[in-house]
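One structure is given below, encoded as C-alpha cells.
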Amino acid sequence: MTKRSATLIIDGQPHIELPMHSGTLGHDVIDIGSLGDHNVFTYDPGFSATAACQSDITYIDGEKGVLLHRGYPIEVLAEKSDYLETCYLLFEGYLPTADQKADFEKTIRYHTMVNRSMEQFISGFRYDAHPMAMLCGLVGAMSSFYHDSLDITNQQHRTISAHRLIAKMPTMAAMCHKHFIGQPYIYPDNSLSYAENFLHMMFSTPCEDYPVHPALTRAMDRIFLLHADHEQNASTSTVRLAGSSGANPFACIAAGIAALWGPAHGGANEAVLNMLSEIGDEKNIPKFVLKAKDKNDPFRLMGFGHRVYKNHDPRATVMRESCNEVLTVLGLENDPLFKLAKKLEQFALEDDYFISKKLYPNVDFYSGIILKALGIPVEMFTGIFATGRTVGWVSHWNEMITNAYRIGRPRQLYTGPALRDFPPIEER
C-alpha cells in the first residue's frame with residue numbers, strides 16, 4: 001500500500017512531511033506527533049479536529065446520522081439486543097454465544113451487592129446532596145474495597161473491575177436516589193433483569209414492592225443501551241486521560257462521572273424538562289420558537305440538534321417509540337406537560353427553519369420525557385446516564401490499557417506575561 005503524507009510549510013522553512021492514516025470508516029487523519037521536534041504545535045480548542053486515540057469500539061458519522069458499536073448499527077442493537085448483551089459486545093469486542101451471554105448475566109447479577117460500609121458513607125452526605133455528587137464519591141471509594149483486582153496490567157483484574165462497575169452502578173445510583181428522597185435503601189433482587197432490578201431498587205420500599213410493567217422495563221433497558229457509548233465525548237476522553245496516568249479503574253470512572261455532571265454534557269435531558277416548564281403551555285410554543293430563532297435571544301430549545309449529528313440522531317428514533325409506549329401504558333397521553341412536549345416536537349418537525357437547520361429532536365428530548373413519566377426526579381437523570389455509560393467508559397479504559405499508550409499531556413498556546421522582575425513589596 002502506498003504510504004500517504006501531508007506536507008506542512010512554515011514561513012519558507014524546509015517542508016515537514018506528516019504521515020497520514022486511514023481508519024476502517026471515517027476521515028483520514030494526519031499524524032502530527034513529530035511537530036514538537038520542529039518547535040511548533042497545533043491549536044485546536046475543544047479538540048474538534050483532533051483524533052487523540054485509535055479505537056475499535058464505536059464509530060459515528062454525524063453527517064449521515066450513523067452510530068455503530070463494533071460495527072452493529074444502534075437501531076439494530078436496540079431492536080434485537082438488550083443492554084447486558086451490548087455491554088458484552090462493547091467490552092469483549094464480539095457478540096456472545098447463548099452460553100457466554102448466560103454466564104455474563106449471571107456474573108453481573110451476583111456482583112450487584114455493595115459493601116455495607118457504602119451505606120454509612122452515603123449517610124454522611126447532607127440530606128439534599130445531589131445524587132451525582134454522591135455517585136462520584138461512591139465510585140471513587142470503590143478502590144478502597146477491592147484491593148484484590150487493582151493491577152491494571154492484569155487483564156483478569158481489568159475484567160473483574162469492569163464487571164463490578166457495570167453490576168454495582170445501578171445499586172449505587174438507586175441508593176443515592178433513596179438518600180436524596182429520605183427513604184431506606186432497597187437491596188437488589190437477583191431474580192430480576194438488569195433494568196427491572198434498577199426500577200425495583202428505585203421505587204420499592206420495605207412496606208411495599210414495586211411491580212414493574214414490562215413496557216417500563218423495556219424503556220429503561222433502552223435508555224441504558226442507547227447511552228452505553230458515544231465515542232470520544234468529554235467524559236470518555238476524561239476517563240482515558242485519567243487512565244493514561246495509570247490510575248485505578250474506579251478513580252478513572254469517577255473522573256468520567258464528574259465530567260458527565262456538566263450541564264453541557266450529561267445534563268441535557270434535565271434541561272429539556274426545565275425548558276418545558278419555562279414554556280408552560282402549548283399556546284406559548286410559537287413565541288418560544290421565535291425566541292429560539294433569534295440569535296440575540298439567549299433562549300435555546302433544548303433537546304433539538306446535536307453537536308456531532310448534523311442530520312438526525314439515530315438513537316432518537318428508537319427512543320421516540322419507547323416514549324410513546326411508556327406514555328400510553330401509564331395513561332399520560334393527556335398530561336399537560338407531555339402534551340406540551342408532543343406539540344413542541346410536532347411544531348419543530350414541521351417548521352421550515354428547523355427542517356433547513358436539521359434541528360431534529362435528539363435522544364435527550366425523549367429520554368427526559370420517559371424518565372419524568374416514570375416518576376424519576378430530574379436530579380437523578382444524569383446518574384441514570386452515568387449508569388448506562390459505565391460500560392462505554394470501562395471499555396475505552398480497557399482498550400487503552402491493553403494497547404501501547406502514553407500519559408496524556410496536551411500542550412498550550414501561552415498568552416500570559418513574559419519574563420518579569422520581582423519587585424519588593426514596598427514598591428508594588
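All residue names refer to the C-alpha cells as shown: chains lettered A, B, ... in order, residues numbered from 1 in each chain, ligands numbered from 1 in order.
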Exercise. Can you pull out every residue within 10 Å of stretch 360-367 of chain A, counting only C-alpha atoms, but drop anything in the same chain fewer than 3 positions away, and send it as a ChimeraX atom specification?
Key: /A:219-220,222-223,226-227,266-273,301-306,309-324,341-342,344-346,348-349,354-355,357,370-373,381,385
Exercise. Skip A:Gly93 itself and residues of its chain fewer than 4 positions away, then list as a ChimeraX atom specification all residues within 12 Å of it, counting only C-alpha atoms.
Key: /A:55-58,69-72,85-89,392,395-396,398-399
Dump C-alpha atoms for the selected residues as a PDB file, in the first residue's frame?
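To be explicit, this is the file written out as selection_5.pdb:
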```pdb
ATOM      1  CA  SER A  55     -10.204   2.824  18.888  1.00  0.00           C
ATOM      2  CA  ASP A  56     -12.141  -0.217  17.631  1.00  0.00           C
ATOM      3  CA  ILE A  57     -15.236   0.319  19.766  1.00  0.00           C
ATOM      4  CA  THR A  58     -17.639   2.922  18.373  1.00  0.00           C
ATOM      5  CA  HIS A  69     -20.978  -0.294  18.150  1.00  0.00           C
ATOM      6  CA  ARG A  70     -18.310  -2.756  16.967  1.00  0.00           C
ATOM      7  CA  GLY A  71     -19.892  -2.467  13.515  1.00  0.00           C
ATOM      8  CA  TYR A  72     -23.505  -3.023  14.587  1.00  0.00           C
ATOM      9  CA  GLU A  85     -25.603  -8.158  25.642  1.00  0.00           C
ATOM     10  CA  THR A  86     -24.485  -4.765  24.330  1.00  0.00           C
ATOM     11  CA  CYS A  87     -22.204  -4.449  27.373  1.00  0.00           C
ATOM     12  CA  TYR A  88     -20.583  -7.752  26.461  1.00  0.00           C
ATOM     13  CA  LEU A  89     -20.184  -6.606  22.854  1.00  0.00           C
ATOM     14  CA  GLY A 392     -18.502   2.530  27.471  1.00  0.00           C
ATOM     15  CA  SER A 395     -14.409  -0.495  27.539  1.00  0.00           C
ATOM     16  CA  HIS A 396     -12.392   2.524  26.399  1.00  0.00           C
ATOM     17  CA  ASN A 398      -9.565  -1.316  28.994  1.00  0.00           C
ATOM     18  CA  GLU A 399      -8.779  -0.773  25.303  1.00  0.00           C
TER      19      GLU A 399
END
```
Quiz prompt | Gap from atom CA of A:Thr205 to atom CA of A:Phe180 - Å, one decimal | solution = 14.3 Å
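Closest approach to A:Ser237 from the set A:Gly256, A:Gly12, A:Gly23, A:Gly416 is made by A:Gly256, with distances taken over only C-alpha atoms.
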Quiz prompt | Atom-to-atom span, atom CA of A:Phe104 and atom CA of A:Ile384, Å | solution =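 Rounded to one decimal, the two atoms are 21.5 Å apart.
The protein and nucleic acid residues lying at most 6 Å from A:Glu282 are Asn284, Ile285 and Leu340 of chain A, with only C-alpha atoms considered and sequence neighbours fewer than 2 positions away removed.
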Exercise. Considering only C-alpha atoms, state which residue in the set A:Cys207, A:Leu216, A:Ile30, A:Ile181 is at the smallest distance from A:Thr328.
Key: A:Leu216
Practice problem: Run DSSP on the backbone of this structure and report the residues of stretch 49-277 of chain A it assigns to alpha helix (DSSP H), as a PyMOL selection string. | Solution: chain A and resi 74-80+83-92+98-109+117-123+131-141+155-181+194-203+214-226+234-243+249-260+268-277
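In this model, the gap between atom CA of A:Thr7 and atom CA of A:Gln412 comes to 22.9 Å.
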